[in-house]
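Only one structure is covered here, and it is reproduced in the block below.
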Amino acid sequence: MGIDFRQVGFRYAAGQDGQAAGVADIDLAVDDGELLALIGPSGSGKSTLLKLLAGFFDPHAGQILVDGQDVAGLAPERRRLGMVFQNYALFPHMSVAQNTAYPLKVRGIGRAERLAAADAMLARVGLAGMGGRAPASLSGGQQQRVALARALVFEPRALLLDEPLSALDAGLRVAMRDEIRRVQREAGIATIHVTHDQEEALSIADRVAVLRDGRLEQVGPPQAIYDRPCSRFVAGFVGQANFIDGVLRDGGVVETPLGALRHAGIAAPGLVLADGAAVTVLVRPERVEPAATGATGHPNLLPGTLGEDRFLGAVRRYDFRVAGGLLRVESRHRDTPDAVAIPPEAIRLLPPAAEASTEGRPPT
Ligand SMILES: Nc1ncnc2c1ncn2[C@@H]1O[C@H](COP(=O)(O)OP(=O)(O)OP(=O)(O)O)[C@@H](O)[C@H]1O
């Protein structure tokens, strides 16, 4: 059954500037076993949504259901939700096993039973035999595993992860995110994972929800969010992007400052592909192909010169100056091209910039 936000809205009291922030019109269901990554700029409402779910405050509009039960008015500790936050906050005077067993103690489970459950859960997060240690003797990654074990030990109905990996260094983050994924799958519970790391979101989530100014801008599988963003905002928020303003013309062409580009008609939902319509052309840098002047078979061949060039190991990322603008290119090829090609099927047509900036209005 999982988690179900239905038309949820919440507004904080207006601040000194008179602006009231919060979230509005949130419709979002997360199934059992599903991991949903919640991403969005700072202040977009991610923590607010988690706090509403956790029961720190109640929505002003709509309903939140957990396993089909409306949790309105239910105190946080009675919602049976596992939570892991950035600052893992283990009790320093308790052992790892006592920390892990703590939620069971609170629930009145006997000592032997809760320590056995804690041991089993510690084994699941890769900390078998470490129950007797003090939290301070563990690495940051190990402490976070304890926090995860503690969040899951009482068989919660859902799991809330708020930036659980942000205090860890890059290598450990990658290992831990796969670990979280594995443990969450085994537990089979609905999980919402708030992260600032878009790669982390794309790599472990079943679906990604993008928040903007308190509203959901797009929800979908990671590939759909990346390959078929609904707006310039989403496209720019996940991954690198070339945005080119254009005007559609009949016959599968869009006029741009770079010239007339042939496209394959792949457009954001709801965008009307009429002659004369203003659009944004999106091309991901890895879809721009290095080519040679005069090469045949490329409908959108753009001669130009190399700009800033960054070697990143497996790939090279460079700016390529063409008549009318600059294209960002990412390629495995080491040669410096004197032209690039944009395959028509690499072009996504999105709403124009002006229209995009009025989307996601603050909640009213
Ligand atoms: N206690 C509060 N009182 C008033 N406004 C608040 C309060 N908490 C958050 N806000 C405002 O609500 C909006 C959403 O905040 P929230 O913390 O949910 O964003 P976020 O997406 O989690 O941001 P971050 O990524 O920085 O953690 C912001 O405009 C924020 O300033």
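In the structure tokens, chains take letters A, B, ... by order of appearance, with residues numbered from 1 within each chain and ligands from 1 in the order shown.
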Could you write out, as an NGL selection string, all the residues of range 209-311 of chain A that DSSP marks as helix (DSSP H, G or I)?
-> :A and (222-227 or 232-237 or 285-287)
Which polymer residues have any atom within 12 Å of an atom of Arg79 in chain A, counting only C-alpha atoms, with same-chain residues fewer than 6 positions away left out, as a PyMOL selection string?
-> chain A and resi 3+52-56+64-67+69-73+154-160
Can you write just those residues out, N, CA and C atoms, as a JSON list (two decimals), in the first residue's frame?
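Saved the output as out_12.json:
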[["chain", "number", "residue", "atom", "x", "y", "z"],
["A", 3, "ILE", "N", 2.90, 4.74, 0.70],
["A", 3, "ILE", "CA", 2.64, 6.12, 1.13],
["A", 3, "ILE", "C", 1.82, 6.82, 0.05],
["A", 52, "LEU", "N", 5.90, 16.53, 7.10],
["A", 52, "LEU", "CA", 4.46, 16.28, 7.09],
["A", 52, "LEU", "C", 4.18, 14.80, 7.22],
["A", 53, "LEU", "N", 4.96, 14.00, 6.49],
["A", 53, "LEU", "CA", 4.78, 12.56, 6.53],
["A", 53, "LEU", "C", 5.14, 12.02, 7.92],
["A", 54, "ALA", "N", 6.23, 12.57, 8.48],
["A", 54, "ALA", "CA", 6.67, 12.09, 9.79],
["A", 54, "ALA", "C", 5.72, 12.52, 10.91],
["A", 55, "GLY", "N", 4.94, 13.55, 10.65],
["A", 55, "GLY", "CA", 3.97, 13.99, 11.66],
["A", 55, "GLY", "C", 4.46, 15.11, 12.55],
["A", 56, "PHE", "N", 5.53, 15.81, 12.11],
["A", 56, "PHE", "CA", 6.01, 16.95, 12.91],
["A", 56, "PHE", "C", 5.01, 18.10, 12.84],
["A", 64, "ILE", "N", -2.67, 12.49, 4.02],
["A", 64, "ILE", "CA", -1.51, 11.61, 3.85],
["A", 64, "ILE", "C", -1.91, 10.24, 4.37],
["A", 65, "LEU", "N", -1.77, 9.22, 3.53],
["A", 65, "LEU", "CA", -2.11, 7.86, 3.92],
["A", 65, "LEU", "C", -0.84, 7.02, 4.00],
["A", 66, "VAL", "N", -0.74, 6.22, 5.06],
["A", 66, "VAL", "CA", 0.35, 5.24, 5.15],
["A", 66, "VAL", "C", -0.31, 3.88, 5.27],
["A", 67, "ASP", "N", 0.01, 3.01, 4.34],
["A", 67, "ASP", "CA", -0.66, 1.69, 4.28],
["A", 67, "ASP", "C", -2.17, 1.85, 4.31],
["A", 69, "GLN", "N", -3.94, 4.04, 5.73],
["A", 69, "GLN", "CA", -4.50, 4.71, 6.91],
["A", 69, "GLN", "C", -4.21, 6.20, 6.86],
["A", 70, "ASP", "N", -5.24, 7.02, 7.03],
["A", 70, "ASP", "CA", -5.04, 8.46, 7.11],
["A", 70, "ASP", "C", -4.33, 8.76, 8.43],
["A", 71, "VAL", "N", -3.15, 9.38, 8.34],
["A", 71, "VAL", "CA", -2.35, 9.55, 9.57],
["A", 71, "VAL", "C", -2.59, 10.91, 10.24],
["A", 72, "ALA", "N", -3.59, 11.66, 9.76],
["A", 72, "ALA", "CA", -3.87, 12.97, 10.37],
["A", 72, "ALA", "C", -4.06, 12.81, 11.87],
["A", 73, "GLY", "N", -3.40, 13.64, 12.64],
["A", 73, "GLY", "CA", -3.57, 13.64, 14.09],
["A", 73, "GLY", "C", -2.79, 12.55, 14.80],
["A", 154, "PHE", "N", 12.35, -2.06, 13.81],
["A", 154, "PHE", "CA", 10.99, -2.27, 14.33],
["A", 154, "PHE", "C", 9.97, -2.50, 13.21],
["A", 155, "GLU", "N", 10.51, -2.89, 12.04],
["A", 155, "GLU", "CA", 9.66, -3.19, 10.88],
["A", 155, "GLU", "C", 8.69, -2.05, 10.59],
["A", 156, "PRO", "N", 9.26, -0.89, 10.25],
["A", 156, "PRO", "CA", 8.40, 0.27, 9.99],
["A", 156, "PRO", "C", 7.58, 0.07, 8.72],
["A", 157, "ARG", "N", 6.55, 0.91, 8.60],
["A", 157, "ARG", "CA", 5.67, 0.80, 7.42],
["A", 157, "ARG", "C", 6.28, 1.52, 6.22],
["A", 158, "ALA", "N", 7.19, 2.46, 6.50],
["A", 158, "ALA", "CA", 7.85, 3.18, 5.41],
["A", 158, "ALA", "C", 9.17, 3.73, 5.95],
["A", 159, "LEU", "N", 10.05, 4.07, 5.02],
["A", 159, "LEU", "CA", 11.37, 4.55, 5.41],
["A", 159, "LEU", "C", 11.58, 5.96, 4.82],
["A", 160, "LEU", "N", 12.04, 6.88, 5.68],
["A", 160, "LEU", "CA", 12.30, 8.26, 5.24],
["A", 160, "LEU", "C", 13.79, 8.54, 5.38]]
Would you kindly return, as a PyMOL selection string, each protein, DNA or RNA residue with an atom no farther than 9 Å from any atom of Arg334 in chain A, considering only C-alpha atoms and excluding same-chain residues fewer than 3 positions away?
-> chain A and resi 315-316+331
Long-range neighbours of Gly140 in chain A as a list in words, 8 Å cut-off, only C-alpha atoms, 4 positions minimum in chain = Gln144, Ala167 and Leu168 of chain A
Could you list, as a PyMOL selection string, all the residues within 10 Å of ligand 1, counting only C-alpha atoms and all ligand atoms?
-> chain A and resi 10-16+19-23+38-52+162-163+194-196+211-214+362
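CA of Phe5 in chain A to CA of Ala149 in chain A spans 26.1 Å [interatomic distance, one decimal].
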So that I can check the surroundings of range 262-265 of chain A, please list as a short mmCIF file (atom, residue, chain, number, x, y, z; two decimals) with C-alpha atoms, in the first residue's frame every protein, DNA and RNA residue that reaches within 6 Å of it, counting only C-alpha atoms and ignoring chain neighbours fewer than 5 positions away.
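And here's result-v6.cif as it stands now:
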data_model
loop_
_atom_site.label_atom_id
_atom_site.label_comp_id
_atom_site.auth_asym_id
_atom_site.auth_seq_id
_atom_site.Cartn_x
_atom_site.Cartn_y
_atom_site.Cartn_z
CA GLY A 252 10.06 19.17 -38.86
CA VAL A 253 12.34 22.17 -38.56
CA PRO A 344 17.32 15.10 -35.05
CA GLU A 345 16.30 12.39 -32.57
CA ILE A 347 16.50 17.09 -29.94
#
Which of range 74-214 of chain A DSSP labels strand (DSSP E), written as a PyMOL selection string = chain A and resi 81-85+158-162+190-194+207-212
Gly324 in chain A environment, 12 Å, only C-alpha atoms, sequence neighbours closer than 6 positions dropped, as a PyMOL selection string = chain A and resi 244-245+255-260+302-304
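Straight-line separation from CA of Leu165 in chain A to CA of Ala201 in chain A: 11.8 Å.
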